Amino acid sequence: MFDRHFAVWPDGAPHHLTLPETSLYENLAISALRYPNENAIIYYDRPITYRALKDEVDALAGQLEHLGVEKGDRVLLFMQNAPQFIIGYYAILRANAIVVPINPMNRTAELEHYLEDTQASVCLCGQEVFPQIESLIGHERLRHVIVAAYGEYAAADTDLDLPAEVRAPAQPVSGEGVIGWRAALDDGYRPGELLVGADDLAVFPYSSGTTGAPKGCMHTHRSVMATCVHGAAWRPGGGREGVTLATLPYFHVTGMQGAMNSPIFQGSCIVLMTRWDRRTAAKLIERYRVTSWTNIVTMAIDLLSDPDVESFDLSSLQNIGGGGAAMPEAVSDKLFNLTGLRYIEGYGLSETIAATHINPADHPKKQCLGIPVFDTDSRIINEETGEQLGVGEVGEIVSHGPQVFQGYWNRPEETKKAFIDLDGKRFFRTGDMGYYDEEGYFFIVDRVKRMINASGFKVWPAEVESLMYRHPAIQESCVISAPHDRRGETVKACVVLTAAEKGKVSEADIIDWCKEQMAAYKVPQIVEFRDELPRSPTGKVMWRALQEAEWAAHQKQA
């Protein structure tokens, strides 16, 4: 067991945490029993109590079962942050089914994969993304879509600036298999017996990689419970009286755990935002005395860039942290001068349902992943031989712990490759290169995989390439990262056109087409036409050579 980090372990925190032997739904049920009249959610100035939240969860669970959802079925949850996301998430679990959270930026072509992979028969979606899935009703097994209008849950008299999706009135829905959110709740169906426990499958967050198609990470109630409980025990500003500002998207594991499941486990309050807006965030922190805010670095930078930020009372904050990219030291210092708090960085993946490493609040290091959390054994290995490496030696980060997933849905071969046995334990191979120092803090230095980190959004080139190949004019495509002043790095596509289409299609045409086919953050910002792509002696496209040349050219210009 890797234990050199115990010397900097958070004061008062045990080295081991015993996890509940219950389902995630029971966290909500217990909090509703304990604190029925306390606020579970505040959504643009409208409070929702734990009693009201549980009542709506149970009503929707009854509707799902009426629609034929059974134990182990997968249900798509395709919406932005809103009370309906939380209600939908827990209703799916109450119906003994599995939550499949989908990025609401996905387009129809991307949704086809999720439907084919999960064989979902029901989807819960926001009305603003309904057009993306409407044409797929009847595709494979999809039979029913329940459509939500976020604004139905916001206060009518709020003085906050509401996102367009929240301002939009509920639109009437019609068509075979389409049900309005309110109608689904008002039908009066009640769920049957709760059949799932700690070791049943609960959530499939999707993670992409070098093989192109996103892969479902199979998490049990136990593994999701792990980081839910870990976060509650690790971070200051938690407990029943804590107030969490939710700005990270709930479809992503960091937002899901840190700003939804963990507060509900504690019976505390979630101040929920559908879209990031720095001025609204500052108002909410001041108005509701927010104690904890988990974010991505770009959000913290944006808040600090507001010339009026010092006019807001942010003194209630006890914890600010997150990940997605390293926090620049100058920004960290500015945050400290404003709030007296250090930005607490952490590290995790969809395969670990959020954090395996977090910096201790009283001993954080800058631009550092942190130390392994409760009951987590992390090591550095030689990625080729599996040999364990020592202090300061760079290798692949591997982790064993209660939060590690079971494997990839329907992908036994990729599951097998994702693990390695060390000292009789099964370790997940993260694909990230790093090292640890004398005190047991982990640092990342490179990525084995080709992931592009654009403002904290993870873009997997192989997935973008596979979608681009649908364009009839594209013969070959290689997606790489390119430097970007604001995003850090962005998406570039090197494209070879078919002989018949050369001169007929422009770079702008390709970009416009991509906007219709994929989420905005995946769309190549740069398209470069080439006569051919460089290849290795075995015929593989040499993406690394293209990427290195791109960054070298940028450095030469600078």
# chains A, B, ... in the order shown; residues from 1 in each chain; ligands from 1
>>> closest_atom_pairs(of="range 210-324 of chain A", to="range 11-28 of chain A", cutoff="10 Å", atoms="only C-alpha atoms", output="Markdown table")
| residue | atom | partner | partner_atom | distance |
| --- | --- | --- | --- | --- |
| A:Thr220 | CA | A:Ser23 | CA | 9.0 |
| A:His221 | CA | A:Ser23 | CA | 5.5 |
| A:Arg222 | CA | A:Glu21 | CA | 7.4 |
| A:Ser223 | CA | A:Leu19 | CA | 9.4 |
| A:Val224 | CA | A:Leu24 | CA | 7.8 |
| A:Met225 | CA | A:Leu24 | CA | 6.7 |
| A:Ala226 | CA | A:Leu19 | CA | 6.5 |
| A:Thr227 | CA | A:Leu19 | CA | 9.9 |
| A:Cys228 | CA | A:Leu24 | CA | 9.4 |
| A:Val229 | CA | A:Leu19 | CA | 7.4 |
| A:His230 | CA | A:Leu17 | CA | 7.8 |
| A:Ala233 | CA | A:Ala13 | CA | 7.2 |
| A:Trp234 | CA | A:Ala13 | CA | 7.2 |
| A:Asn261 | CA | A:Leu24 | CA | 8.0 |
| A:Ser262 | CA | A:Asn27 | CA | 9.3 |
| A:Pro263 | CA | A:Leu28 | CA | 9.8 |
| A:Ile264 | CA | A:Leu28 | CA | 6.0 |
| A:Phe265 | CA | A:Asn27 | CA | 5.0 |
| A:Gln266 | CA | A:Asn27 | CA | 8.1 |
| A:Gly267 | CA | A:Leu28 | CA | 7.8 |
>>> closest_atom_pairs(of="range 378-418 of chain A", to="range 344-347 of chain A", cutoff="12 Å", atoms="only C-alpha atoms", output="tab-separated table")
residue	atom	partner	partner_atom	distance
A:Ser378	CA	A:Tyr347	CA	11.8
A:Ile397	CA	A:Tyr347	CA	11.0
A:Ser399	CA	A:Tyr347	CA	11.4
>>> atom_distance(atom1="CA of Ala155 in chain A", atom2="CA of Tyr44 in chain A")
6.1 Å
>>> select_by_dssp(residues="range 122-296 of chain A", states="strand (DSSP E)", output="CSV table (one decimal) with N, CA and C atoms, in the first residue's frame")
chain,number,residue,atom,x,y,z
A,122,VAL,N,-35.9,4.6,-23.0
A,122,VAL,CA,-36.4,5.9,-22.5
A,122,VAL,C,-35.3,6.9,-22.4
A,123,CYS,N,-35.6,8.1,-22.7
A,123,CYS,CA,-34.7,9.2,-22.6
A,123,CYS,C,-35.4,10.4,-21.8
A,124,LEU,N,-34.8,11.0,-20.9
A,124,LEU,CA,-35.2,12.2,-20.2
A,124,LEU,C,-34.4,13.3,-20.8
A,125,CYS,N,-35.0,14.4,-21.3
A,125,CYS,CA,-34.2,15.4,-22.0
A,125,CYS,C,-34.8,16.8,-21.7
A,126,GLY,N,-33.9,17.8,-21.9
A,126,GLY,CA,-34.4,19.2,-21.9
A,126,GLY,C,-35.0,19.6,-23.2
A,144,HIS,N,-39.7,6.1,-25.8
A,144,HIS,CA,-40.3,7.2,-25.0
A,144,HIS,C,-39.3,8.3,-24.7
A,145,VAL,N,-39.7,9.6,-24.9
A,145,VAL,CA,-38.9,10.7,-24.4
A,145,VAL,C,-39.7,11.6,-23.6
A,146,ILE,N,-39.2,11.9,-22.4
A,146,ILE,CA,-39.9,12.8,-21.4
A,146,ILE,C,-39.1,14.1,-21.5
A,147,VAL,N,-39.9,15.2,-21.8
A,147,VAL,CA,-39.3,16.5,-22.2
A,147,VAL,C,-39.5,17.5,-21.1
A,148,ALA,N,-38.4,18.1,-20.6
A,148,ALA,CA,-38.5,19.1,-19.5
A,148,ALA,C,-38.2,20.5,-19.9
A,178,VAL,N,-43.8,10.8,-27.0
A,178,VAL,CA,-43.3,12.0,-26.4
A,178,VAL,C,-44.2,12.4,-25.2
A,179,ILE,N,-43.6,12.7,-24.0
A,179,ILE,CA,-44.4,13.0,-22.8
A,179,ILE,C,-43.8,14.3,-22.2
A,180,GLY,N,-44.7,15.2,-21.8
A,180,GLY,CA,-44.2,16.4,-21.1
A,180,GLY,C,-43.8,16.1,-19.7
A,201,LEU,N,-25.3,-2.2,-10.7
A,201,LEU,CA,-24.9,-1.1,-11.6
A,201,LEU,C,-25.8,0.1,-11.4
A,202,ALA,N,-25.2,1.3,-11.4
A,202,ALA,CA,-25.9,2.5,-11.1
A,202,ALA,C,-25.8,3.5,-12.2
A,203,VAL,N,-24.6,3.8,-12.7
A,203,VAL,CA,-24.3,4.9,-13.6
A,203,VAL,C,-23.3,4.5,-14.6
A,206,TYR,N,-19.9,8.1,-19.8
A,206,TYR,CA,-19.1,7.7,-21.0
A,206,TYR,C,-17.8,8.4,-21.1
A,207,SER,N,-16.8,7.6,-21.5
A,207,SER,CA,-15.4,8.1,-21.7
A,207,SER,C,-14.9,7.6,-23.0
A,215,LYS,N,-17.1,5.0,-24.6
A,215,LYS,CA,-17.3,3.8,-23.9
A,215,LYS,C,-18.0,4.0,-22.6
A,216,GLY,N,-19.0,3.2,-22.3
A,216,GLY,CA,-19.7,3.3,-21.0
A,216,GLY,C,-18.9,2.8,-19.8
A,219,HIS,N,-20.3,1.7,-13.4
A,219,HIS,CA,-20.1,2.0,-12.0
A,219,HIS,C,-21.3,1.4,-11.2
A,220,THR,N,-21.0,0.8,-10.1
A,220,THR,CA,-22.0,0.3,-9.1
A,220,THR,C,-22.4,1.4,-8.2
A,243,VAL,N,-23.3,24.7,2.1
A,243,VAL,CA,-24.1,25.1,0.9
A,243,VAL,C,-23.1,25.1,-0.3
A,244,THR,N,-23.5,24.3,-1.3
A,244,THR,CA,-22.7,24.0,-2.5
A,244,THR,C,-23.2,24.8,-3.7
A,245,LEU,N,-22.3,25.5,-4.3
A,245,LEU,CA,-22.6,26.2,-5.6
A,245,LEU,C,-22.3,25.2,-6.7
A,246,ALA,N,-23.3,24.8,-7.5
A,246,ALA,CA,-23.2,23.8,-8.6
A,246,ALA,C,-23.1,24.5,-9.9
A,269,CYS,N,-27.6,21.8,1.1
A,269,CYS,CA,-28.3,22.6,0.1
A,269,CYS,C,-27.4,22.8,-1.1
A,270,ILE,N,-28.0,22.6,-2.3
A,270,ILE,CA,-27.4,22.9,-3.6
A,270,ILE,C,-27.9,24.1,-4.2
A,271,VAL,N,-27.1,25.1,-4.5
A,271,VAL,CA,-27.4,26.3,-5.2
A,271,VAL,C,-27.0,26.1,-6.7
A,272,LEU,N,-28.1,25.9,-7.5
A,272,LEU,CA,-27.9,25.3,-8.8
A,272,LEU,C,-27.9,26.4,-9.9
A,292,SER,N,-19.0,26.0,-0.4
A,292,SER,CA,-18.1,25.2,-1.2
A,292,SER,C,-18.4,25.4,-2.7
A,293,TRP,N,-17.4,25.5,-3.4
A,293,TRP,CA,-17.6,25.7,-4.9
A,293,TRP,C,-16.5,24.9,-5.6
A,294,THR,N,-16.9,23.8,-6.3
A,294,THR,CA,-16.1,23.0,-7.2
A,294,THR,C,-16.3,23.4,-8.6
A,295,ASN,N,-15.1,23.7,-9.3
A,295,ASN,CA,-15.2,24.3,-10.6
A,295,ASN,C,-14.1,23.8,-11.5
A,296,ILE,N,-14.1,24.3,-12.7
A,296,ILE,CA,-12.9,24.1,-13.6
A,296,ILE,C,-12.1,25.4,-13.5
>>> select_by_dssp(residues="range 297-330 of chain A", states="helix (DSSP H, G or I)", output="mmCIF file with N, CA and C atoms, in the first residue's frame")
data_model
loop_
_atom_site.group_PDB
_atom_site.id
_atom_site.type_symbol
_atom_site.label_atom_id
_atom_site.label_comp_id
_atom_site.auth_asym_id
_atom_site.auth_seq_id
_atom_site.Cartn_x
_atom_site.Cartn_y
_atom_site.Cartn_z
ATOM 1 N N VAL A 297 -10.815 25.355 -13.769
ATOM 2 C CA VAL A 297 -9.931 26.501 -13.624
ATOM 3 C C VAL A 297 -10.432 27.712 -14.403
ATOM 4 N N THR A 298 -10.975 27.485 -15.619
ATOM 5 C CA THR A 298 -11.415 28.612 -16.440
ATOM 6 C C THR A 298 -12.550 29.396 -15.778
ATOM 7 N N MET A 299 -13.395 28.734 -14.973
ATOM 8 C CA MET A 299 -14.455 29.440 -14.252
ATOM 9 C C MET A 299 -13.862 30.349 -13.175
ATOM 10 N N ALA A 300 -12.890 29.833 -12.429
ATOM 11 C CA ALA A 300 -12.241 30.646 -11.396
ATOM 12 C C ALA A 300 -11.551 31.852 -12.018
ATOM 13 N N ILE A 301 -10.889 31.635 -13.145
ATOM 14 C CA ILE A 301 -10.209 32.730 -13.837
ATOM 15 C C ILE A 301 -11.230 33.778 -14.287
ATOM 16 N N ASP A 302 -12.365 33.320 -14.812
ATOM 17 C CA ASP A 302 -13.395 34.236 -15.300
ATOM 18 C C ASP A 302 -13.979 35.053 -14.151
ATOM 19 N N LEU A 303 -14.240 34.417 -13.021
ATOM 20 C CA LEU A 303 -14.773 35.144 -11.866
ATOM 21 C C LEU A 303 -13.801 36.231 -11.426
ATOM 22 N N LEU A 304 -12.531 35.893 -11.355
ATOM 23 C CA LEU A 304 -11.520 36.854 -10.919
ATOM 24 C C LEU A 304 -11.313 37.978 -11.930
ATOM 25 N N SER A 305 -11.717 37.739 -13.188
ATOM 26 C CA SER A 305 -11.556 38.748 -14.234
ATOM 27 C C SER A 305 -12.656 39.814 -14.196
ATOM 28 N N VAL A 309 -15.587 42.145 -8.974
ATOM 29 C CA VAL A 309 -15.673 40.977 -8.108
ATOM 30 C C VAL A 309 -15.487 41.331 -6.635
ATOM 31 N N GLU A 310 -14.678 42.344 -6.339
ATOM 32 C CA GLU A 310 -14.421 42.689 -4.940
ATOM 33 C C GLU A 310 -15.609 43.364 -4.265
ATOM 34 N N SER A 311 -16.621 43.727 -5.039
ATOM 35 C CA SER A 311 -17.816 44.340 -4.449
ATOM 36 C C SER A 311 -18.769 43.310 -3.865
ATOM 37 N N GLU A 329 -0.219 29.766 -11.399
ATOM 38 C CA GLU A 329 0.190 30.233 -10.077
ATOM 39 C C GLU A 329 -0.271 31.661 -9.815
ATOM 40 N N ALA A 330 -0.175 32.526 -10.819
ATOM 41 C CA ALA A 330 -0.583 33.920 -10.629
ATOM 42 C C ALA A 330 -2.070 34.021 -10.304
#
>>> closest_residue(among="A:Thr108, A:Thr291, A:Gln171, A:Thr274", to="Gln80 in chain A", atoms="only C-alpha atoms")
A:Thr274
>>> atom_distance(atom1="CA of Ser316 in chain A", atom2="CA of Val290 in chain A")
5.9 Å
>>> residues_around(residues="Ser135 in chain A", least_positions_apart="6", cutoff="12 Å", atoms="only C-alpha atoms", output="count of residues only")
14
>>> residues_around(residues="Ala52 in chain A", least_positions_apart="4", cutoff="12 Å", atoms="only C-alpha atoms", output="compact mmCIF listing (two decimals) with N, CA and C atoms, in the first residue's frame")
# COMPACT_ATOMS: atom_id res chain seq x y z
N LEU A 28 -30.93 9.91 -0.69
CA LEU A 28 -32.00 10.91 -0.79
C LEU A 28 -33.13 10.59 0.18
N ALA A 29 -33.53 9.32 0.23
CA ALA A 29 -34.63 8.94 1.11
C ALA A 29 -34.31 9.27 2.57
N SER A 31 -32.07 11.54 3.72
CA SER A 31 -32.03 12.99 3.92
C SER A 31 -33.44 13.58 3.95
N ALA A 32 -34.34 13.06 3.13
CA ALA A 32 -35.73 13.54 3.14
C ALA A 32 -36.42 13.17 4.43
N LEU A 33 -36.06 12.03 5.02
CA LEU A 33 -36.63 11.62 6.30
C LEU A 33 -36.09 12.49 7.43
N TYR A 35 -34.49 15.61 7.10
CA TYR A 35 -34.61 17.05 6.92
C TYR A 35 -35.70 17.40 5.91
N PRO A 36 -36.93 16.97 6.13
CA PRO A 36 -37.97 17.12 5.09
C PRO A 36 -38.24 18.56 4.68
N ASN A 37 -38.10 19.49 5.61
CA ASN A 37 -38.45 20.87 5.32
C ASN A 37 -37.24 21.76 5.02
N GLU A 38 -36.05 21.15 4.99
CA GLU A 38 -34.84 21.90 4.65
C GLU A 38 -34.67 21.92 3.13
N ASN A 39 -33.99 22.94 2.64
CA ASN A 39 -33.82 23.09 1.19
C ASN A 39 -32.78 22.10 0.66
N ALA A 40 -33.21 21.32 -0.33
CA ALA A 40 -32.28 20.46 -1.06
C ALA A 40 -31.65 21.25 -2.21
N ILE A 41 -32.45 22.09 -2.87
CA ILE A 41 -32.02 22.83 -4.05
C ILE A 41 -32.55 24.26 -3.96
N PRO A 47 -36.66 27.78 -3.88
CA PRO A 47 -36.24 26.65 -3.06
C PRO A 47 -37.08 25.40 -3.30
N ILE A 48 -36.44 24.24 -3.19
CA ILE A 48 -37.12 22.95 -3.27
C ILE A 48 -36.68 22.15 -2.06
N GLU A 56 -41.19 14.12 -6.00
CA GLU A 56 -41.14 14.17 -7.46
C GLU A 56 -40.28 13.04 -8.03
N VAL A 57 -39.22 12.68 -7.32
CA VAL A 57 -38.41 11.54 -7.74
C VAL A 57 -39.26 10.27 -7.77
N ASP A 58 -40.04 10.04 -6.73
CA ASP A 58 -40.85 8.83 -6.68
C ASP A 58 -41.93 8.83 -7.76
N ALA A 59 -42.51 10.01 -8.01
CA ALA A 59 -43.55 10.09 -9.05
C ALA A 59 -42.96 9.77 -10.42
N PRO A 83 -33.11 21.33 -11.80
CA PRO A 83 -33.74 20.40 -10.86
C PRO A 83 -34.19 19.10 -11.53
N ILE A 87 -33.83 15.24 -10.29
CA ILE A 87 -35.03 14.40 -10.16
C ILE A 87 -34.92 13.20 -11.07
>>> atom_distance(atom1="CA of Ile42 in chain A", atom2="CA of Ser268 in chain A")
11.0 Å
>>> residues_around(residues="range 100-102 of chain A", least_positions_apart="6", cutoff="9 Å", atoms="only C-alpha atoms", output="PyMOL selection string")
chain A and resi 74-79+89+111+114+118+120+202-206+216+250-252
>>> closest_atom_pairs(of="range 127-213 of chain A", to="range 283-286 of chain A", cutoff="12 Å", atoms="only C-alpha atoms", output="JSON lines")
{"residue": "A:Thr158", "atom": "CA", "partner": "A:Leu284", "partner_atom": "CA", "distance": 11.6}
{"residue": "A:Asp159", "atom": "CA", "partner": "A:Lys283", "partner_atom": "CA", "distance": 10.2}
{"residue": "A:Leu160", "atom": "CA", "partner": "A:Lys283", "partner_atom": "CA", "distance": 8.2}
{"residue": "A:Asp161", "atom": "CA", "partner": "A:Lys283", "partner_atom": "CA", "distance": 10.3}
>>> write_last_selection(atoms="C-alpha atoms", output="compact mmCIF listing (two decimals), in the first residue's frame")
# COMPACT_ATOMS: atom_id res chain seq x y z
CA THR A 158 -35.99 36.50 -9.47
CA ASP A 159 -33.71 39.44 -10.19
CA LEU A 160 -30.99 37.11 -11.49
CA ASP A 161 -30.02 37.02 -15.15
>>> residues_around(residues="Arg486 in chain A", least_positions_apart="3", cutoff="10 Å", atoms="only C-alpha atoms", output="ChimeraX atom specification")
/A:298,454-455,483,489-490
>>> residues_around(residues="Gly231 in chain A", least_positions_apart="6", cutoff="9 Å", atoms="only C-alpha atoms", output="ChimeraX atom specification")
/A:238,257-258,262,355
>>> closest_residue(among="A:Ser481, A:Thr376, A:Thr247, A:Asn96", to="Ala545 in chain A", atoms="only C-alpha atoms")
A:Ser481
>>> closest_residue(among="A:Lys458, A:Lys522, A:Arg379, A:Arg342", to="Gly434 in chain A", atoms="only C-alpha atoms")
A:Arg379
